[in-house]
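Text of run25.txt (compact mmCIF, N, CA and C atoms) as supplied:
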# COMPACT_ATOMS: atom_id res chain seq x y z
N MET A 1 10.40 -15.75 2.83
CA MET A 1 9.10 -16.19 3.30
C MET A 1 8.09 -16.05 2.16
N SER A 2 7.37 -17.12 1.89
CA SER A 2 6.38 -17.08 0.82
C SER A 2 5.11 -16.38 1.30
N LYS A 3 4.48 -15.71 0.37
CA LYS A 3 3.28 -14.95 0.69
C LYS A 3 2.07 -15.87 0.76
N PHE A 4 1.19 -15.62 1.74
CA PHE A 4 -0.02 -16.42 1.89
C PHE A 4 -1.03 -16.02 0.82
N LYS A 5 -1.61 -17.03 0.18
CA LYS A 5 -2.66 -16.78 -0.82
C LYS A 5 -3.84 -17.66 -0.46
N PHE A 6 -4.97 -17.02 -0.16
CA PHE A 6 -6.20 -17.74 0.15
C PHE A 6 -6.86 -18.15 -1.15
N ARG A 7 -6.99 -19.43 -1.35
CA ARG A 7 -7.51 -19.94 -2.62
C ARG A 7 -8.98 -19.59 -2.86
N LEU A 8 -9.71 -19.32 -1.80
CA LEU A 8 -11.14 -19.00 -1.94
C LEU A 8 -11.41 -17.50 -1.80
N ALA A 9 -10.41 -16.69 -2.07
CA ALA A 9 -10.54 -15.24 -1.92
C ALA A 9 -11.65 -14.68 -2.82
N THR A 10 -11.75 -15.19 -4.03
CA THR A 10 -12.79 -14.72 -4.95
C THR A 10 -14.17 -15.05 -4.40
N LEU A 11 -14.33 -16.26 -3.91
CA LEU A 11 -15.61 -16.65 -3.32
C LEU A 11 -15.92 -15.79 -2.10
N LEU A 12 -14.92 -15.49 -1.30
CA LEU A 12 -15.12 -14.63 -0.14
C LEU A 12 -15.58 -13.24 -0.58
N ARG A 13 -14.95 -12.68 -1.61
CA ARG A 13 -15.37 -11.37 -2.11
C ARG A 13 -16.80 -11.41 -2.63
N LEU A 14 -17.17 -12.48 -3.32
CA LEU A 14 -18.55 -12.61 -3.82
C LEU A 14 -19.54 -12.68 -2.66
N ARG A 15 -19.20 -13.43 -1.65
CA ARG A 15 -20.10 -13.54 -0.49
C ARG A 15 -20.19 -12.22 0.27
N GLU A 16 -19.07 -11.51 0.36
CA GLU A 16 -19.10 -10.19 1.01
C GLU A 16 -19.97 -9.23 0.21
N SER A 17 -19.87 -9.31 -1.11
CA SER A 17 -20.69 -8.46 -1.96
C SER A 17 -22.18 -8.80 -1.78
N ALA A 18 -22.48 -10.09 -1.72
CA ALA A 18 -23.87 -10.52 -1.50
C ALA A 18 -24.37 -10.04 -0.13
N ARG A 19 -23.50 -10.13 0.87
CA ARG A 19 -23.87 -9.67 2.21
C ARG A 19 -24.16 -8.17 2.20
N ASP A 20 -23.30 -7.40 1.52
CA ASP A 20 -23.51 -5.96 1.44
C ASP A 20 -24.82 -5.63 0.73
N GLN A 21 -25.14 -6.41 -0.30
CA GLN A 21 -26.40 -6.22 -1.01
C GLN A 21 -27.58 -6.52 -0.08
N ARG A 22 -27.47 -7.58 0.70
CA ARG A 22 -28.54 -7.91 1.66
C ARG A 22 -28.70 -6.79 2.69
N ARG A 23 -27.59 -6.22 3.10
CA ARG A 23 -27.63 -5.10 4.04
C ARG A 23 -28.39 -3.92 3.44
N SER A 24 -28.11 -3.62 2.19
CA SER A 24 -28.79 -2.51 1.50
C SER A 24 -30.29 -2.80 1.38
N GLN A 25 -30.61 -4.04 1.03
CA GLN A 25 -32.02 -4.41 0.90
C GLN A 25 -32.75 -4.29 2.23
N LEU A 26 -32.09 -4.67 3.30
CA LEU A 26 -32.71 -4.55 4.62
C LEU A 26 -32.91 -3.07 4.98
N ALA A 27 -31.93 -2.24 4.65
CA ALA A 27 -32.06 -0.81 4.92
C ALA A 27 -33.24 -0.22 4.14
N GLU A 28 -33.43 -0.64 2.90
CA GLU A 28 -34.56 -0.18 2.10
C GLU A 28 -35.89 -0.60 2.74
N ALA A 29 -35.94 -1.83 3.22
CA ALA A 29 -37.16 -2.32 3.87
C ALA A 29 -37.44 -1.52 5.14
N TYR A 30 -36.40 -1.19 5.90
CA TYR A 30 -36.58 -0.37 7.09
C TYR A 30 -37.12 1.02 6.72
N GLN A 31 -36.61 1.58 5.63
CA GLN A 31 -37.09 2.89 5.18
C GLN A 31 -38.56 2.82 4.78
N ALA A 32 -38.93 1.75 4.08
CA ALA A 32 -40.33 1.58 3.68
C ALA A 32 -41.21 1.44 4.92
N GLU A 33 -40.74 0.69 5.89
CA GLU A 33 -41.51 0.52 7.12
C GLU A 33 -41.67 1.86 7.84
N GLU A 34 -40.60 2.63 7.90
CA GLU A 34 -40.66 3.93 8.57
C GLU A 34 -41.64 4.86 7.86
N ALA A 35 -41.65 4.83 6.53
CA ALA A 35 -42.59 5.67 5.77
C ALA A 35 -44.03 5.28 6.08
N ILE A 36 -44.30 4.00 6.16
CA ILE A 36 -45.66 3.55 6.46
C ILE A 36 -46.04 3.94 7.89
N LEU A 37 -45.11 3.79 8.81
CA LEU A 37 -45.39 4.19 10.20
C LEU A 37 -45.70 5.69 10.29
N GLU A 38 -44.97 6.48 9.52
CA GLU A 38 -45.22 7.92 9.50
C GLU A 38 -46.61 8.20 8.94
N GLN A 39 -46.99 7.51 7.88
CA GLN A 39 -48.33 7.68 7.32
C GLN A 39 -49.40 7.28 8.34
N ARG A 40 -49.16 6.20 9.06
CA ARG A 40 -50.12 5.76 10.08
C ARG A 40 -50.25 6.81 11.18
N ARG A 41 -49.13 7.41 11.57
CA ARG A 41 -49.18 8.46 12.59
C ARG A 41 -50.01 9.65 12.11
N ARG A 42 -49.78 10.04 10.84
CA ARG A 42 -50.53 11.17 10.30
C ARG A 42 -52.03 10.88 10.25
N VAL A 43 -52.39 9.68 9.82
CA VAL A 43 -53.81 9.31 9.74
C VAL A 43 -54.42 9.30 11.14
N SER A 44 -53.68 8.78 12.11
CA SER A 44 -54.18 8.77 13.49
C SER A 44 -54.38 10.19 14.01
N GLU A 45 -53.44 11.06 13.69
CA GLU A 45 -53.58 12.46 14.10
C GLU A 45 -54.79 13.10 13.42
N ASP A 46 -54.96 12.82 12.12
CA ASP A 46 -56.11 13.36 11.40
C ASP A 46 -57.42 12.86 12.01
N LEU A 47 -57.44 11.58 12.39
CA LEU A 47 -58.64 11.04 13.03
C LEU A 47 -58.91 11.71 14.37
N ALA A 48 -57.87 11.93 15.14
CA ALA A 48 -58.04 12.60 16.44
C ALA A 48 -58.56 14.02 16.24
N ASP A 49 -58.00 14.73 15.24
CA ASP A 49 -58.48 16.08 14.94
C ASP A 49 -59.94 16.06 14.50
N LEU A 50 -60.27 15.10 13.69
CA LEU A 50 -61.64 14.96 13.18
C LEU A 50 -62.61 14.67 14.32
N MET A 51 -62.22 13.84 15.27
CA MET A 51 -63.09 13.54 16.41
C MET A 51 -63.33 14.80 17.25
N ARG A 52 -62.30 15.64 17.39
CA ARG A 52 -62.48 16.90 18.11
C ARG A 52 -63.49 17.79 17.38
N VAL A 53 -63.36 17.85 16.06
CA VAL A 53 -64.28 18.66 15.26
C VAL A 53 -65.70 18.12 15.42
N CYS A 54 -65.87 16.81 15.38
CA CYS A 54 -67.20 16.21 15.53
C CYS A 54 -67.80 16.54 16.89
N ARG A 55 -66.98 16.50 17.94
CA ARG A 55 -67.48 16.85 19.28
C ARG A 55 -67.89 18.32 19.34
N GLU A 56 -67.09 19.17 18.70
CA GLU A 56 -67.42 20.60 18.70
C GLU A 56 -68.72 20.87 17.94
N VAL A 57 -68.85 20.22 16.78
CA VAL A 57 -70.02 20.44 15.94
C VAL A 57 -71.29 19.89 16.60
N SER A 58 -71.18 18.77 17.29
CA SER A 58 -72.36 18.16 17.89
C SER A 58 -72.61 18.66 19.31
N GLY A 59 -71.87 19.67 19.74
CA GLY A 59 -72.02 20.22 21.08
C GLY A 59 -73.30 21.05 21.20
N PRO A 60 -73.43 21.71 22.35
CA PRO A 60 -74.64 22.52 22.54
C PRO A 60 -74.70 23.67 21.54
N GLY A 61 -75.89 24.05 21.22
CA GLY A 61 -76.08 25.15 20.28
C GLY A 61 -76.61 24.63 18.95
N GLU A 62 -76.43 25.44 17.94
CA GLU A 62 -76.95 25.11 16.62
C GLU A 62 -76.15 23.96 16.01
N LEU A 63 -76.84 23.00 15.43
CA LEU A 63 -76.21 21.81 14.86
C LEU A 63 -75.99 22.04 13.37
N ASN A 64 -74.72 21.94 12.95
CA ASN A 64 -74.39 22.08 11.52
C ASN A 64 -74.32 20.67 10.94
N LEU A 65 -75.45 20.24 10.42
CA LEU A 65 -75.60 18.86 9.95
C LEU A 65 -74.69 18.57 8.75
N ASP A 66 -74.56 19.51 7.84
CA ASP A 66 -73.70 19.28 6.66
C ASP A 66 -72.26 19.06 7.08
N ARG A 67 -71.81 19.86 8.02
CA ARG A 67 -70.42 19.71 8.48
C ARG A 67 -70.22 18.38 9.21
N LEU A 68 -71.20 17.97 9.98
CA LEU A 68 -71.13 16.71 10.70
C LEU A 68 -71.13 15.52 9.73
N LEU A 69 -71.99 15.56 8.71
CA LEU A 69 -72.02 14.49 7.71
C LEU A 69 -70.71 14.44 6.92
N SER A 70 -70.19 15.58 6.58
CA SER A 70 -68.92 15.64 5.85
C SER A 70 -67.79 15.06 6.71
N ALA A 71 -67.81 15.40 7.99
CA ALA A 71 -66.78 14.89 8.91
C ALA A 71 -66.89 13.37 9.03
N ARG A 72 -68.11 12.84 9.09
CA ARG A 72 -68.29 11.39 9.20
C ARG A 72 -67.83 10.67 7.93
N ARG A 73 -68.12 11.26 6.76
CA ARG A 73 -67.64 10.65 5.50
C ARG A 73 -66.11 10.63 5.48
N TYR A 74 -65.51 11.73 5.94
CA TYR A 74 -64.06 11.80 5.99
C TYR A 74 -63.51 10.77 6.99
N GLU A 75 -64.24 10.56 8.08
CA GLU A 75 -63.83 9.57 9.07
C GLU A 75 -63.81 8.17 8.44
N VAL A 76 -64.83 7.85 7.67
CA VAL A 76 -64.88 6.54 7.00
C VAL A 76 -63.68 6.38 6.08
N THR A 77 -63.35 7.44 5.35
CA THR A 77 -62.19 7.41 4.46
C THR A 77 -60.90 7.20 5.25
N LEU A 78 -60.75 7.92 6.35
CA LEU A 78 -59.54 7.79 7.16
C LEU A 78 -59.43 6.40 7.78
N ARG A 79 -60.54 5.85 8.22
CA ARG A 79 -60.51 4.51 8.82
C ARG A 79 -60.13 3.46 7.77
N ALA A 80 -60.62 3.61 6.54
CA ALA A 80 -60.25 2.69 5.46
C ALA A 80 -58.76 2.81 5.17
N GLU A 81 -58.26 4.04 5.15
CA GLU A 81 -56.84 4.26 4.91
C GLU A 81 -56.02 3.66 6.05
N GLN A 82 -56.54 3.79 7.26
CA GLN A 82 -55.86 3.22 8.43
C GLN A 82 -55.75 1.69 8.31
N ARG A 83 -56.82 1.04 7.87
CA ARG A 83 -56.80 -0.42 7.68
C ARG A 83 -55.81 -0.81 6.58
N ASP A 84 -55.83 -0.06 5.48
CA ASP A 84 -54.90 -0.36 4.38
C ASP A 84 -53.44 -0.21 4.84
N LEU A 85 -53.18 0.83 5.58
CA LEU A 85 -51.81 1.05 6.07
C LEU A 85 -51.39 -0.03 7.05
N LYS A 86 -52.34 -0.50 7.84
CA LYS A 86 -52.02 -1.58 8.78
C LYS A 86 -51.65 -2.85 8.01
N GLU A 87 -52.40 -3.16 6.95
CA GLU A 87 -52.09 -4.34 6.12
C GLU A 87 -50.73 -4.17 5.44
N LYS A 88 -50.48 -2.98 4.92
CA LYS A 88 -49.18 -2.73 4.28
C LYS A 88 -48.05 -2.87 5.29
N HIS A 89 -48.27 -2.37 6.50
CA HIS A 89 -47.24 -2.46 7.52
C HIS A 89 -46.95 -3.91 7.87
N GLU A 90 -47.98 -4.72 7.97
CA GLU A 90 -47.77 -6.14 8.26
C GLU A 90 -46.97 -6.81 7.15
N ALA A 91 -47.29 -6.47 5.90
CA ALA A 91 -46.56 -7.05 4.76
C ALA A 91 -45.09 -6.59 4.77
N VAL A 92 -44.88 -5.31 5.02
CA VAL A 92 -43.51 -4.79 5.05
C VAL A 92 -42.76 -5.39 6.23
N ARG A 93 -43.43 -5.56 7.35
CA ARG A 93 -42.80 -6.17 8.53
C ARG A 93 -42.33 -7.59 8.21
N ALA A 94 -43.17 -8.33 7.49
CA ALA A 94 -42.78 -9.68 7.08
C ALA A 94 -41.58 -9.63 6.14
N GLU A 95 -41.56 -8.65 5.25
CA GLU A 95 -40.43 -8.50 4.33
C GLU A 95 -39.16 -8.12 5.09
N VAL A 96 -39.28 -7.26 6.08
CA VAL A 96 -38.12 -6.89 6.91
C VAL A 96 -37.57 -8.13 7.58
N ASP A 97 -38.44 -8.95 8.14
CA ASP A 97 -37.98 -10.18 8.80
C ASP A 97 -37.30 -11.12 7.82
N ARG A 98 -37.88 -11.25 6.62
CA ARG A 98 -37.27 -12.12 5.60
C ARG A 98 -35.89 -11.60 5.21
N ARG A 99 -35.78 -10.30 5.02
CA ARG A 99 -34.50 -9.72 4.63
C ARG A 99 -33.48 -9.79 5.77
N ARG A 100 -33.96 -9.67 6.99
CA ARG A 100 -33.04 -9.79 8.13
C ARG A 100 -32.48 -11.22 8.19
N GLN A 101 -33.33 -12.21 7.97
CA GLN A 101 -32.86 -13.60 7.96
C GLN A 101 -31.87 -13.84 6.82
N ALA A 102 -32.12 -13.22 5.66
CA ALA A 102 -31.19 -13.35 4.54
C ALA A 102 -29.84 -12.73 4.89
N LEU A 103 -29.86 -11.60 5.59
CA LEU A 103 -28.61 -10.96 6.00
C LEU A 103 -27.88 -11.82 7.02
N VAL A 104 -28.60 -12.42 7.94
CA VAL A 104 -27.97 -13.30 8.93
C VAL A 104 -27.29 -14.47 8.22
N ALA A 105 -27.98 -15.06 7.25
CA ALA A 105 -27.39 -16.18 6.49
C ALA A 105 -26.16 -15.72 5.71
N ALA A 106 -26.24 -14.55 5.10
CA ALA A 106 -25.10 -14.02 4.34
C ALA A 106 -23.92 -13.74 5.28
N ASN A 107 -24.20 -13.17 6.44
CA ASN A 107 -23.14 -12.94 7.43
C ASN A 107 -22.48 -14.25 7.85
N ARG A 108 -23.30 -15.26 8.05
CA ARG A 108 -22.78 -16.56 8.47
C ARG A 108 -21.88 -17.15 7.38
N SER A 109 -22.29 -17.07 6.12
CA SER A 109 -21.47 -17.65 5.05
C SER A 109 -20.15 -16.90 4.89
N VAL A 110 -20.17 -15.59 5.09
CA VAL A 110 -18.92 -14.82 5.04
C VAL A 110 -18.03 -15.20 6.21
N ARG A 111 -18.63 -15.33 7.38
CA ARG A 111 -17.84 -15.64 8.58
C ARG A 111 -17.18 -17.01 8.46
N VAL A 112 -17.88 -17.97 7.86
CA VAL A 112 -17.29 -19.30 7.68
C VAL A 112 -16.02 -19.20 6.84
N LEU A 113 -16.09 -18.46 5.74
CA LEU A 113 -14.90 -18.31 4.89
C LEU A 113 -13.81 -17.51 5.59
N GLU A 114 -14.18 -16.50 6.36
CA GLU A 114 -13.17 -15.74 7.09
C GLU A 114 -12.45 -16.62 8.11
N LEU A 115 -13.20 -17.46 8.79
CA LEU A 115 -12.56 -18.37 9.75
C LEU A 115 -11.64 -19.37 9.05
N LEU A 116 -12.08 -19.87 7.90
CA LEU A 116 -11.24 -20.79 7.12
C LEU A 116 -9.96 -20.07 6.67
N ARG A 117 -10.12 -18.85 6.19
CA ARG A 117 -8.94 -18.08 5.76
C ARG A 117 -7.99 -17.85 6.93
N ASP A 118 -8.54 -17.49 8.09
CA ASP A 118 -7.69 -17.25 9.26
C ASP A 118 -6.96 -18.52 9.68
N ARG A 119 -7.67 -19.64 9.65
CA ARG A 119 -7.02 -20.91 10.02
C ARG A 119 -5.91 -21.26 9.04
N GLN A 120 -6.19 -21.10 7.75
CA GLN A 120 -5.18 -21.40 6.74
C GLN A 120 -4.00 -20.44 6.84
N MET A 121 -4.26 -19.19 7.15
CA MET A 121 -3.18 -18.22 7.30
C MET A 121 -2.30 -18.60 8.49
N GLU A 122 -2.92 -18.99 9.57
CA GLU A 122 -2.16 -19.41 10.74
C GLU A 122 -1.35 -20.66 10.44
N GLN A 123 -1.94 -21.58 9.71
CA GLN A 123 -1.22 -22.80 9.31
C GLN A 123 -0.03 -22.44 8.41
N HIS A 124 -0.23 -21.52 7.51
CA HIS A 124 0.83 -21.07 6.62
C HIS A 124 1.98 -20.45 7.43
N ARG A 125 1.63 -19.62 8.41
CA ARG A 125 2.66 -19.01 9.26
C ARG A 125 3.45 -20.07 10.02
N GLU A 126 2.74 -21.06 10.53
CA GLU A 126 3.40 -22.13 11.28
C GLU A 126 4.35 -22.91 10.35
N GLU A 127 3.87 -23.22 9.14
CA GLU A 127 4.73 -23.93 8.18
C GLU A 127 5.95 -23.10 7.83
N GLU A 128 5.78 -21.81 7.66
CA GLU A 128 6.90 -20.91 7.36
C GLU A 128 7.89 -20.86 8.53
N ARG A 129 7.34 -20.80 9.73
CA ARG A 129 8.20 -20.78 10.91
C ARG A 129 9.02 -22.08 10.99
N LEU A 130 8.37 -23.20 10.74
CA LEU A 130 9.09 -24.49 10.77
C LEU A 130 10.14 -24.56 9.66
N ARG A 131 9.81 -24.06 8.48
CA ARG A 131 10.76 -24.05 7.37
C ARG A 131 11.97 -23.19 7.70
N GLN A 132 11.72 -22.02 8.28
CA GLN A 132 12.82 -21.13 8.66
C GLN A 132 13.67 -21.76 9.76
N THR A 133 13.03 -22.41 10.70
CA THR A 133 13.77 -23.09 11.77
C THR A 133 14.64 -24.18 11.18
N LYS A 134 14.10 -24.93 10.23
CA LYS A 134 14.85 -26.00 9.57
C LYS A 134 16.05 -25.43 8.82
N GLU A 135 15.83 -24.32 8.12
CA GLU A 135 16.93 -23.69 7.39
C GLU A 135 18.02 -23.21 8.35
N LEU A 136 17.61 -22.58 9.44
CA LEU A 136 18.58 -22.11 10.43
C LEU A 136 19.35 -23.27 11.05
N ASP A 137 18.66 -24.39 11.30
CA ASP A 137 19.34 -25.58 11.83
C ASP A 137 20.37 -26.11 10.83
N GLU A 138 19.99 -26.11 9.54
CA GLU A 138 20.92 -26.58 8.51
C GLU A 138 22.15 -25.68 8.44
N VAL A 139 21.92 -24.36 8.48
CA VAL A 139 23.03 -23.41 8.43
C VAL A 139 23.92 -23.60 9.65
N ALA A 140 23.28 -23.77 10.82
CA ALA A 140 24.07 -23.97 12.04
C ALA A 140 24.85 -25.28 11.95
N GLY A 141 24.24 -26.32 11.38
CA GLY A 141 24.93 -27.60 11.24
C GLY A 141 26.10 -27.50 10.29
N ARG A 142 25.91 -26.80 9.19
CA ARG A 142 27.02 -26.63 8.24
C ARG A 142 28.14 -25.81 8.86
N THR A 143 27.78 -24.76 9.57
CA THR A 143 28.77 -23.93 10.24
C THR A 143 29.54 -24.76 11.27
N HIS A 144 28.82 -25.55 12.01
CA HIS A 144 29.45 -26.41 13.01
C HIS A 144 30.36 -27.44 12.33
N GLY A 145 29.89 -28.00 11.20
CA GLY A 145 30.69 -28.98 10.46
C GLY A 145 31.95 -28.36 9.91
N LEU A 146 31.87 -27.12 9.42
CA LEU A 146 33.05 -26.44 8.90
C LEU A 146 34.06 -26.16 10.01
N LYS A 147 33.57 -25.77 11.17
CA LYS A 147 34.46 -25.49 12.30
C LYS A 147 35.18 -26.76 12.75
N GLU A 148 34.47 -27.89 12.75
CA GLU A 148 35.11 -29.15 13.14
C GLU A 148 36.13 -29.60 12.08
N ALA A 149 35.82 -29.34 10.82
CA ALA A 149 36.73 -29.72 9.76
C ALA A 149 38.01 -28.88 9.83
N GLU A 150 37.90 -27.63 10.23
CA GLU A 150 39.05 -26.76 10.33
C GLU A 150 39.93 -27.13 11.53
N SER A 151 39.36 -27.71 12.54
CA SER A 151 40.16 -28.03 13.72
C SER A 151 40.90 -29.29 13.63
Would you give me this structure, written as structure tokens?
Amino acid sequence: MSKFKFRLATLLRLRESARDQRRSQLAEAYQAEEAILEQRRRVSEDLADLMRVCREVSGPGELNLDRLLSARRYEVTLRAEQRDLKEKHEAVRAEVDRRRQALVAANRSVRVLELLRDRQMEQHREEERLRQTKELDEVAGRTHGLKEAES
């Protein structure tokens, strides 16, 4: 029985390598997105803490104006950081989507070659089965011919 050789095996390996690279790139984008989300959570927590401090400072009793002004300046800084992080998150989200689409396309191109390889392998097996059947028929015919010649 002859061994099956897929003629496009090199191309399949290249496409698998490209797919694996796309997978890694998507994982990196997910990590970047997670880091930005974590930063956004921290900024939101800082803002919530700052609002509590502002409520405490502006409550009944003596008003500490310097502390209140400092807290408000810090609030402006945190809000600006919050806007920047939101913009970065939107950009990273778009990049994640782009990389996900690239991975889908790479998966599809690999799958096409895998299906072609599977079809060709099945065709090869069928051809081998037919060849072996033909050989067995020839052997049986020769054996039958020899038996008739002997009789």
Q. Which of these residues is nearest to Arg99 of chain A, using only N, CA and C atoms: A:Gln25, A:Lys3, A:Thr10, A:Val112?
A.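 Smallest separation from Arg99 of chain A among the options: A:Gln25.
For the pair atom CA of Gln82 of chain A and atom CA of Ala48 of chain A, the interatomic distance is 12.5 Å.
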(Q) Residues near segment 118-125 of chain A, anyone? I mean within 7 Å using all atoms listed in the file, not counting same-chain ones fewer than 5 positions away, as a ChimeraX atom specification. (A) /A:4,113,130
Q: With a distance cut-off of 6 Å and only N, CA and C atoms, select the neighbouring residues of Val110 of chain A, excluding the residue or stretch itself and same-chain residues fewer than 4 positions from it, and output the selection as number ranges by chain.
A: A: 15-16, 106, 114-115
Q.
Set the distance at 8 Å and use all atoms listed in the file: which residues neighbour segment 39-46 of chain A once local chain neighbours fewer than 2 positions away are removed? I'd like the list as a PyMOL selection string.
A. chain A and resi 33-37+48-52+75+78-79+81-82+85-86
Q: Would you work out the distance separating atom N of Arg7 of chain A from atom N of Leu136 of chain A, expressed in Å to one decimal?
A: 27.0 Å
Q. Which one is closest to Val104 of chain A: A:Glu90, A:Gly61, A:Leu8, A:Arg22? Count all atoms listed in the file.
A.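 Looking only at the distances to Val104 of chain A, the closest residue turns out to be A:Arg22.
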Q) Using only C-alpha atoms, which of A:Leu47, A:Ala149, A:Ala27, A:Leu68 sits nearest Leu103 of chain A? A)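 The closest residue to Leu103 of chain A is A:Ala27.
Distance-wise, atom C of His89 of chain A and atom N of Ala32 of chain A end up 10.5 Å apart.
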Put the listed atoms of segment 26-45 of chain A in a box along x, y and z with 4 Å added on every side and give me the centre and edge lengths in Å to one decimal, as AutoDock Vina command-line options.
--center_x -43.4 --center_y 4.2 --center_z 8.1 --size_x 30.9 --size_y 25.8 --size_z 20.0
Q) Which is closest to Arg72 of chain A among A:Lys147, A:Glu135, A:Val57, A:Val96, if we use only C-alpha atoms? A)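 Smallest distance to Arg72 of chain A is found for A:Val57.
Using only N, CA and C atoms, the shortest contact distance between Asn107 of chain A and any of A:Glu127, A:Glu87, A:Asp20, A:Glu38 is found at A:Asp20.
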**Q.** Among the residues A:Leu116, A:Val139, A:Cys54, A:Val92, the one that comes closest to Tyr74 of chain A [using only C-alpha atoms]
**A.** A:Cys54
